[in-house]
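J.: The following file, protein.cif, comprises mmCIF, C-alpha atoms:
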data_model
loop_
_atom_site.group_PDB
_atom_site.id
_atom_site.type_symbol
_atom_site.label_atom_id
_atom_site.label_comp_id
_atom_site.auth_asym_id
_atom_site.auth_seq_id
_atom_site.Cartn_x
_atom_site.Cartn_y
_atom_site.Cartn_z
ATOM 1 C CA MET A 22 104.903 106.008 123.321
ATOM 2 C CA PRO A 23 106.229 104.937 119.927
ATOM 3 C CA VAL A 24 109.591 104.040 121.496
ATOM 4 C CA THR A 25 110.747 102.931 124.951
ATOM 5 C CA VAL A 26 114.472 102.881 125.663
ATOM 6 C CA PHE A 27 116.360 100.725 128.206
ATOM 7 C CA TYR A 28 120.029 100.421 129.116
ATOM 8 C CA ASP A 29 121.933 97.460 130.527
ATOM 9 C CA ALA A 30 125.273 98.561 131.992
ATOM 10 C CA LYS A 31 126.700 95.046 132.304
ATOM 11 C CA SER A 32 126.462 94.271 128.589
ATOM 12 C CA ARG A 33 126.669 97.953 127.613
ATOM 13 C CA THR A 34 123.515 97.512 125.557
ATOM 14 C CA VAL A 35 120.834 100.003 124.655
ATOM 15 C CA LEU A 36 117.510 98.371 123.848
ATOM 16 C CA ALA A 37 114.847 100.363 122.025
ATOM 17 C CA GLU A 38 111.376 98.858 121.834
ATOM 18 C CA LEU A 39 109.518 100.361 118.901
ATOM 19 C CA SER A 40 105.760 100.184 118.604
ATOM 20 C CA GLY A 41 102.930 101.055 116.262
ATOM 21 C CA ASP A 42 103.389 102.172 112.667
ATOM 22 C CA ILE A 43 106.791 103.356 111.447
ATOM 23 C CA ASP A 44 106.334 105.874 108.656
ATOM 24 C CA HIS A 45 107.876 109.225 107.786
ATOM 25 C CA CYS A 46 105.660 110.910 110.385
ATOM 26 C CA SER A 47 106.393 108.604 113.350
ATOM 27 C CA ALA A 48 110.064 107.903 112.517
ATOM 28 C CA LYS A 49 110.888 111.524 113.312
ATOM 29 C CA ASP A 50 109.707 111.015 116.905
ATOM 30 C CA MET A 51 111.494 107.679 117.291
ATOM 31 C CA ARG A 52 114.946 108.913 116.291
ATOM 32 C CA MET A 53 115.557 111.404 119.065
ATOM 33 C CA PRO A 54 114.998 109.303 122.216
ATOM 34 C CA ILE A 55 117.147 106.487 120.767
ATOM 35 C CA ASP A 56 119.984 108.805 119.752
ATOM 36 C CA GLU A 57 119.907 110.643 123.086
ATOM 37 C CA GLU A 58 120.329 107.360 124.952
ATOM 38 C CA ILE A 59 123.149 106.281 122.619
ATOM 39 C CA MET A 60 125.026 109.555 123.067
ATOM 40 C CA LYS A 61 124.547 109.382 126.835
ATOM 41 C CA ARG A 62 125.659 105.745 127.216
ATOM 42 C CA LEU A 63 128.023 105.170 124.260
ATOM 43 C CA PRO A 64 126.965 101.498 124.171
ATOM 44 C CA LYS A 65 128.696 98.563 122.520
ATOM 45 C CA GLN A 66 125.412 97.291 121.163
ATOM 46 C CA LEU A 67 122.055 98.688 120.101
ATOM 47 C CA ILE A 68 119.071 96.367 119.893
ATOM 48 C CA LEU A 69 116.015 97.580 117.999
ATOM 49 C CA ASP A 70 113.004 95.484 118.915
ATOM 50 C CA PHE A 71 110.301 95.417 116.216
ATOM 51 C CA GLU A 72 107.948 93.022 117.997
ATOM 52 C CA ASN A 73 105.199 95.616 118.434
ATOM 53 C CA VAL A 74 105.655 97.284 115.052
ATOM 54 C CA SER A 75 102.461 96.744 113.088
ATOM 55 C CA PHE A 76 103.442 98.529 109.872
ATOM 56 C CA MET A 77 106.649 99.865 108.371
ATOM 57 C CA ASP A 78 107.587 101.591 105.131
ATOM 58 C CA SER A 79 110.974 102.782 103.850
ATOM 59 C CA SER A 80 111.108 105.362 106.653
ATOM 60 C CA GLY A 81 111.806 102.411 108.969
ATOM 61 C CA ILE A 82 114.693 101.382 106.714
ATOM 62 C CA GLY A 83 115.994 104.963 106.956
ATOM 63 C CA LEU A 84 115.702 104.719 110.740
ATOM 64 C CA ILE A 85 117.756 101.495 110.774
ATOM 65 C CA ILE A 86 120.413 102.878 108.391
ATOM 66 C CA GLY A 87 120.744 106.069 110.463
ATOM 67 C CA ARG A 88 121.214 104.117 113.715
ATOM 68 C CA TYR A 89 123.629 101.751 111.969
ATOM 69 C CA LYS A 90 125.792 104.710 110.944
ATOM 70 C CA LEU A 91 125.751 106.097 114.467
ATOM 71 C CA MET A 92 126.679 102.754 116.045
ATOM 72 C CA ASN A 93 129.321 102.191 113.389
ATOM 73 C CA ASP A 94 130.898 105.551 114.243
ATOM 74 C CA LEU A 95 130.996 104.457 117.887
ATOM 75 C CA GLY A 96 132.517 101.104 116.970
ATOM 76 C CA GLY A 97 129.415 99.249 118.155
ATOM 77 C CA ASP A 98 126.927 96.839 116.625
ATOM 78 C CA LEU A 99 123.282 97.032 115.697
ATOM 79 C CA ILE A 100 120.874 94.144 116.040
ATOM 80 C CA ALA A 101 117.263 94.146 114.834
ATOM 81 C CA VAL A 102 114.989 91.625 116.518
ATOM 82 C CA ASN A 103 111.476 90.193 116.304
ATOM 83 C CA PRO A 104 110.090 91.764 113.114
ATOM 84 C CA LYS A 105 106.653 90.512 112.013
ATOM 85 C CA PRO A 106 106.607 88.728 108.615
ATOM 86 C CA ASP A 107 105.626 91.841 106.604
ATOM 87 C CA VAL A 108 108.235 94.007 108.317
ATOM 88 C CA LYS A 109 110.842 91.280 107.858
ATOM 89 C CA LYS A 110 110.006 91.057 104.147
ATOM 90 C CA LEU A 111 110.615 94.795 103.725
ATOM 91 C CA MET A 112 113.881 94.629 105.687
ATOM 92 C CA GLU A 113 115.169 91.815 103.515
ATOM 93 C CA LEU A 114 114.061 93.567 100.331
ATOM 94 C CA ALA A 115 116.071 96.607 101.426
ATOM 95 C CA GLY A 116 119.116 94.496 102.313
ATOM 96 C CA VAL A 117 119.156 95.463 105.984
ATOM 97 C CA GLN A 118 120.750 92.101 106.782
ATOM 98 C CA ARG A 119 123.961 93.441 105.222
ATOM 99 C CA LEU A 120 124.155 96.175 107.871
ATOM 100 C CA CYS A 121 123.031 94.441 110.990
ATOM 101 C CA LYS A 122 122.203 91.132 112.498
ATOM 102 C CA LEU A 123 118.536 90.238 112.027
ATOM 103 C CA ILE A 124 117.132 87.961 114.679
ATOM 104 C CA TYR A 125 113.589 86.773 114.403
ATOM 105 C CA ARG A 126 112.898 85.908 117.979
ATOM 106 C CA LYS A 127 114.208 86.164 121.515
ATOM 107 C CA ARG A 128 116.292 88.978 122.733
ATOM 108 C CA ARG A 129 116.523 88.406 126.451
ATOM 109 C CA SER A 130 119.338 85.917 126.060
ATOM 110 C CA LEU A 131 121.276 88.547 124.112
ATOM 111 C CA ILE A 132 121.314 91.046 126.909
ATOM 112 C CA GLY A 133 122.104 88.844 129.843
ATOM 113 C CA GLY A 134 120.883 90.128 133.142
ATOM 114 C CA MET A 135 118.859 92.994 131.748
ATOM 115 C CA LYS A 136 115.689 93.544 133.711
ATOM 116 C CA LEU A 137 112.727 94.961 131.826
ATOM 117 C CA MET B 17 97.528 104.710 82.861
ATOM 118 C CA LYS B 18 94.689 103.403 80.711
ATOM 119 C CA THR B 19 93.062 100.182 81.701
ATOM 120 C CA LYS B 20 90.784 98.089 79.572
ATOM 121 C CA GLU B 21 88.878 96.482 82.403
ATOM 122 C CA ARG B 22 85.490 97.684 83.503
ATOM 123 C CA ILE B 23 85.561 99.791 86.666
ATOM 124 C CA LEU B 24 83.471 98.138 89.373
ATOM 125 C CA ASN B 25 83.993 100.700 92.092
ATOM 126 C CA ARG B 26 86.102 103.799 92.616
ATOM 127 C CA MET B 27 86.950 106.456 95.139
ATOM 128 C CA THR B 28 88.887 109.694 95.149
ATOM 129 C CA LEU B 29 90.334 111.528 98.118
ATOM 130 C CA ARG B 30 91.894 114.963 98.223
ATOM 131 C CA PHE B 31 93.906 115.929 101.265
ATOM 132 C CA PRO B 32 96.723 118.330 102.181
ATOM 133 C CA SER B 33 100.326 117.072 102.214
ATOM 134 C CA LEU B 34 100.575 116.811 106.000
ATOM 135 C CA SER B 35 102.710 114.043 107.429
ATOM 136 C CA GLU B 36 99.883 112.682 109.584
ATOM 137 C CA ASN B 37 97.905 111.980 106.389
ATOM 138 C CA GLU B 38 100.340 109.188 105.407
ATOM 139 C CA ARG B 39 98.565 106.950 107.891
ATOM 140 C CA PHE B 40 95.128 108.182 106.842
ATOM 141 C CA ALA B 41 95.863 107.482 103.156
ATOM 142 C CA ARG B 42 96.994 103.882 103.631
ATOM 143 C CA LEU B 43 94.125 103.114 106.022
ATOM 144 C CA ALA B 44 91.617 104.621 103.574
ATOM 145 C CA VAL B 45 92.948 102.448 100.736
ATOM 146 C CA SER B 46 92.999 99.427 103.008
ATOM 147 C CA GLY B 47 89.356 100.041 103.955
ATOM 148 C CA PHE B 48 88.260 100.616 100.379
ATOM 149 C CA ILE B 49 89.801 97.422 98.974
ATOM 150 C CA SER B 50 88.620 95.271 101.884
ATOM 151 C CA SER B 51 85.545 94.227 99.878
ATOM 152 C CA LEU B 52 87.947 92.183 97.701
ATOM 153 C CA ASP B 53 89.034 90.245 100.781
ATOM 154 C CA PRO B 54 92.780 90.584 100.148
ATOM 155 C CA ALA B 55 95.202 88.306 101.990
ATOM 156 C CA LEU B 56 97.081 89.954 104.863
ATOM 157 C CA ASP B 57 100.419 90.032 103.039
ATOM 158 C CA GLU B 58 98.808 91.599 99.955
ATOM 159 C CA LEU B 59 97.088 94.216 102.079
ATOM 160 C CA SER B 60 100.328 95.025 103.863
ATOM 161 C CA GLU B 61 102.208 95.398 100.543
ATOM 162 C CA ILE B 62 99.536 97.689 99.104
ATOM 163 C CA LYS B 63 99.526 99.814 102.263
ATOM 164 C CA THR B 64 103.309 100.091 102.090
ATOM 165 C CA ALA B 65 103.229 101.116 98.415
ATOM 166 C CA VAL B 66 100.571 103.780 99.120
ATOM 167 C CA SER B 67 102.575 105.042 102.080
ATOM 168 C CA GLU B 68 105.675 105.411 99.881
ATOM 169 C CA ALA B 69 103.787 107.302 97.165
ATOM 170 C CA VAL B 70 102.113 109.692 99.617
ATOM 171 C CA THR B 71 105.356 110.230 101.561
ATOM 172 C CA ASN B 72 107.102 111.206 98.312
ATOM 173 C CA CYS B 73 104.485 113.932 97.787
ATOM 174 C CA ILE B 74 104.983 115.238 101.325
ATOM 175 C CA VAL B 75 108.786 115.009 101.470
ATOM 176 C CA HIS B 76 109.681 115.882 97.877
ATOM 177 C CA ALA B 77 106.838 117.311 95.789
ATOM 178 C CA TYR B 78 105.680 119.797 98.416
ATOM 179 C CA ARG B 79 108.977 120.259 100.268
ATOM 180 C CA ASP B 80 108.729 123.245 102.665
ATOM 181 C CA THR B 81 105.150 123.846 101.581
ATOM 182 C CA VAL B 82 101.731 122.200 101.801
ATOM 183 C CA GLY B 83 99.789 121.265 98.691
ATOM 184 C CA GLU B 84 97.000 118.964 97.640
ATOM 185 C CA ILE B 85 97.413 115.238 97.126
ATOM 186 C CA ARG B 86 94.811 113.422 95.051
ATOM 187 C CA LEU B 87 94.470 109.711 95.698
ATOM 188 C CA GLU B 88 92.290 107.599 93.439
ATOM 189 C CA VAL B 89 91.540 103.912 93.776
ATOM 190 C CA ARG B 90 89.604 101.857 91.225
ATOM 191 C CA LEU B 91 88.516 98.280 91.612
ATOM 192 C CA LEU B 92 88.632 96.622 88.210
ATOM 193 C CA GLU B 93 87.368 93.312 86.916
ATOM 194 C CA GLY B 94 89.527 90.319 87.682
ATOM 195 C CA CYS B 95 90.442 91.518 91.185
ATOM 196 C CA ARG B 96 92.671 94.218 89.818
ATOM 197 C CA ILE B 97 93.332 97.353 91.809
ATOM 198 C CA TYR B 98 94.335 100.647 90.236
ATOM 199 C CA ILE B 99 95.864 103.239 92.554
ATOM 200 C CA SER B 100 96.906 106.692 91.476
ATOM 201 C CA VAL B 101 98.619 109.319 93.639
ATOM 202 C CA LYS B 102 98.864 112.760 92.082
ATOM 203 C CA ASP B 103 100.456 115.979 93.266
ATOM 204 C CA SER B 104 100.932 119.427 91.740
ATOM 205 C CA GLY B 105 104.334 119.913 93.319
ATOM 206 C CA CYS B 106 107.876 120.450 92.085
ATOM 207 C CA GLY B 107 107.955 117.480 89.701
ATOM 208 C CA ILE B 108 110.895 115.206 88.885
ATOM 209 C CA SER B 109 113.361 116.289 86.206
ATOM 210 C CA ASP B 110 114.854 112.829 85.720
ATOM 211 C CA VAL B 111 112.323 110.092 86.473
ATOM 212 C CA LYS B 112 114.697 107.310 85.426
ATOM 213 C CA GLN B 113 117.273 108.478 87.972
ATOM 214 C CA ALA B 114 114.626 108.972 90.675
ATOM 215 C CA ARG B 115 113.491 105.377 90.221
ATOM 216 C CA GLN B 116 116.988 103.986 90.824
ATOM 217 C CA PRO B 117 117.193 102.143 94.161
ATOM 218 C CA LEU B 118 119.075 104.145 96.815
ATOM 219 C CA PHE B 119 118.825 107.408 94.855
ATOM 220 C CA THR B 120 117.568 110.140 97.178
ATOM 221 C CA THR B 121 117.637 113.899 97.231
ATOM 222 C CA ALA B 122 117.082 113.937 101.006
ATOM 223 C CA PRO B 123 119.799 111.790 102.666
ATOM 224 C CA ASP B 124 120.029 114.182 105.637
ATOM 225 C CA GLU B 125 116.454 113.330 106.543
ATOM 226 C CA GLU B 126 117.254 109.616 106.566
ATOM 227 C CA ARG B 127 115.358 108.881 103.386
ATOM 228 C CA ALA B 128 116.635 105.504 102.225
ATOM 229 C CA GLY B 129 115.977 106.135 98.523
ATOM 230 C CA LEU B 130 113.831 103.017 98.307
ATOM 231 C CA GLY B 131 110.370 104.491 97.741
ATOM 232 C CA PHE B 132 110.031 103.709 94.041
ATOM 233 C CA ALA B 133 111.846 100.359 94.391
ATOM 234 C CA ILE B 134 109.311 99.294 97.023
ATOM 235 C CA MET B 135 106.345 100.540 94.962
ATOM 236 C CA GLU B 136 107.739 98.594 92.025
ATOM 237 C CA SER B 137 108.174 95.372 94.018
ATOM 238 C CA PHE B 138 104.733 95.619 95.563
ATOM 239 C CA SER B 139 102.796 96.316 92.364
ATOM 240 C CA ASP B 140 102.490 94.509 89.050
ATOM 241 C CA LYS B 141 102.928 97.698 87.072
ATOM 242 C CA LEU B 142 104.216 101.101 88.175
ATOM 243 C CA ARG B 143 104.042 104.215 86.053
ATOM 244 C CA VAL B 144 105.564 107.558 87.018
ATOM 245 C CA SER B 145 104.783 110.588 84.920
ATOM 246 C CA SER B 146 106.159 113.943 85.932
ATOM 247 C CA LYS B 147 106.746 117.442 84.665
ATOM 248 C CA PRO B 148 109.086 119.811 86.533
ATOM 249 C CA ALA B 149 107.116 122.590 88.272
ATOM 250 C CA ARG B 150 103.837 120.888 87.288
ATOM 251 C CA GLY B 151 103.672 117.775 89.408
ATOM 252 C CA THR B 152 103.899 114.004 89.463
ATOM 253 C CA THR B 153 101.427 111.170 89.045
ATOM 254 C CA VAL B 154 102.280 107.703 90.266
ATOM 255 C CA THR B 155 100.019 104.891 89.082
ATOM 256 C CA MET B 156 100.130 101.330 90.328
ATOM 257 C CA LEU B 157 98.261 98.238 89.196
ATOM 258 C CA ARG B 158 98.019 95.167 91.324
ATOM 259 C CA THR B 159 96.097 91.950 90.800
ATOM 260 C CA LEU B 160 95.027 90.141 93.928
ATOM 261 C CA ARG B 161 95.183 86.383 94.163
ATOM 262 C CA THR B 162 91.951 86.773 95.992
ATOM 263 C CA ARG B 163 89.399 84.220 97.025
ATOM 264 C CA LYS B 164 86.353 86.328 96.277
ATOM 265 C CA PRO B 165 85.811 87.848 92.820
ATOM 266 C CA ALA B 166 84.935 91.542 92.968
ATOM 267 C CA ASP B 167 81.995 91.181 90.591
ATOM 268 C CA GLY B 168 80.382 88.554 92.810
ATOM 269 C CA LYS B 169 80.582 85.914 90.074
ATOM 270 C CA ASP B 170 82.974 83.038 89.817
ATOM 271 C CA SER B 171 85.807 83.974 87.508
#
Take the structure I supplied and represent it as structure tokens, if you would.
T.:
Amino acid sequence: MPVTVFYDAKSRTVLAELSGDIDHCSAKDMRMPIDEEIMKRLPKQLILDFENVSFMDSSGIGLIIGRYKLMNDLGGDLIAVNPKPDVKKLMELAGVQRLCKLIYRKRRSLIGGMKL
Amino acid sequence: MKTKERILNRMTLRFPSLSENERFARLAVSGFISSLDPALDELSEIKTAVSEAVTNCIVHAYRDTVGEIRLEVRLLEGCRIYISVKDSGCGISDVKQARQPLFTTAPDEERAGLGFAIMESFSDKLRVSSKPARGTTVTMLRTLRTRKPADGKDS
């Protein structure tokens, strides 16, 4: 699965763990499960976890911008966590840090009692 | 783009503009240049640039249709890599505008408009030549700060 989605009711957080390569082809399949969970839960916070993302091109930036817009419309926040150095470099080049918090490690502390 | 350096090795691939070939294209380039022993960050940047160029062909040049993409890689003296991605699709009427960061003709599909900006950052030289209704050729040159000279001699 290129994306696994979790929800923590206490912190009203949706966590999406992305994995593999994010390109134009795979981004299409990642969008829908994340957006379905967001529309179902209307969370305060969306965490995108890039720990298992091995490659990303500008399609990944498009994925982040799209989710940012959705969360912004809901009055919530977006946080991107754990990108590998190459993915982080691309995010910073694209200015993703202006849209969302970028955190380079740890996410469990962010979502309190969330069991994975 | 004309290059003065002697060509040490080259390869050409032709494949249809199917989305699943984005991965194939960058892995093929990655495999071909591996003889130069590129550093991991260089390899990742080159793969990203190739992915952007091929995605442009699929999303823009051959929008709503499938056409042929021609990918050529040359290994030149001095650890220089020449990559060309050519399509015979719709072409770009205003290349200068298309190369502007954040310019996109497909915002509804979540295209960030960063393809050319990324290709430019991840190559030493980027050339885009295009004719409307004829097609587009994107050429990138990149010199590796590699440990092993491609010609097997110390440079």
J.: Which residue is closest to chain B? Choose from A:Met92, A:Met112, A:Leu123, A:Leu84 and count only C-alpha atoms.
T.: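 Result for the nearest residue to chain B: A:Leu84.
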J.: Chain A near chain B within 6 Å: what's each residue's closest atom pair and its distance in Å to one decimal, counting all atoms listed in the file, ordered by chain then ascending residue number, as JSON lines?
T.:
{"residue": "A:Cys46", "atom": "CA", "partner": "B:Ser35", "partner_atom": "CA", "distance": 5.2}
{"residue": "A:Asp78", "atom": "CA", "partner": "B:Thr64", "partner_atom": "CA", "distance": 5.5}
{"residue": "A:Gly83", "atom": "CA", "partner": "B:Ala128", "partner_atom": "CA", "distance": 4.8}
J.: For those residues, write C-alpha atoms to a file as a compact mmCIF listing (two decimals), keeping the file's coordinate frame.
T.:
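Result went into again.txt, see below:
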# COMPACT_ATOMS: atom_id res chain seq x y z
CA CYS A 46 105.66 110.91 110.38
CA ASP A 78 107.59 101.59 105.13
CA GLY A 83 115.99 104.96 106.96
J.: Identify the residues within 12 Å of coordinate (112.0, 111.0, 86.8) (same frame as the file), considering all atoms listed in the file, and give the answer as a VMD selection string.
T.: chain B and resid 106 to 116 119 to 120 132 143 to 148 151 to 154
J.: Quote the spacing between atom CA of A:Asp44 and atom CA of B:Leu92 in Å to one decimal place.
T.: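 Here the two named atoms are 28.6 Å from each other.
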J.: Taking all atoms listed in the file into account, which of A:Glu72, A:Asp56, A:Asp50, A:Glu38 comes nearest A:Leu95?
T.: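 That would be A:Asp56, the residue with the smallest distance to A:Leu95.
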J.: Could you check how far atom CA of A:Asp98 sits from atom CA of A:Met53, in Å to one decimal?
T.: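 Answer for the atom CA of A:Asp98 to atom CA of A:Met53 separation: 18.6 Å.
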J.: Rounded to one decimal place, report the atom CA of A:Ser80-atom CA of B:Leu160 distance in Å.
T.: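 It comes out at 25.5 Å.
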J.: For this file, the PyMOL selection byres ((chain A and resi 57) around 12) selects which residues, as an MDAnalysis selection string?
T.: chainID A and resid 26:28 35 37 50:56 58:64 88 91
J.: So that I can see what lies close to B:Ile85, please list as a ChimeraX atom specification the residues with an atom at most 8 Å from it, counting only C-alpha atoms and leaving out residues fewer than 5 positions away in the same chain.
T.: /B:30-33,70,73,101-104
J.: Taking the file as shown, what set of residues would the PyMOL selection byres ((chain A and resi 99) around 12) give back, as number ranges by chain?
T.: A: 34-37, 59, 64-70, 84-98, 100-102, 117-124
J.: For B:Ile99, find every residue with an atom within 12 Å (counting all atoms listed in the file), except residues of its own chain fewer than 4 positions away, and show them as number ranges by chain.
T.: B: 17-19, 26-29, 41-42, 44-46, 48-49, 62-63, 65-67, 69-70, 86-92, 135, 139-144, 153-159
J.: Emit as JSON the padded axis-aligned box for all listed atoms of stretch 48-66 of chain A, 8 Å per side, with centre and edge lengths in Å to one decimal.
T.:
{"center_x": 119.2, "center_y": 104.4, "center_z": 119.9, "size_x": 35.0, "size_y": 30.2, "size_z": 30.7}
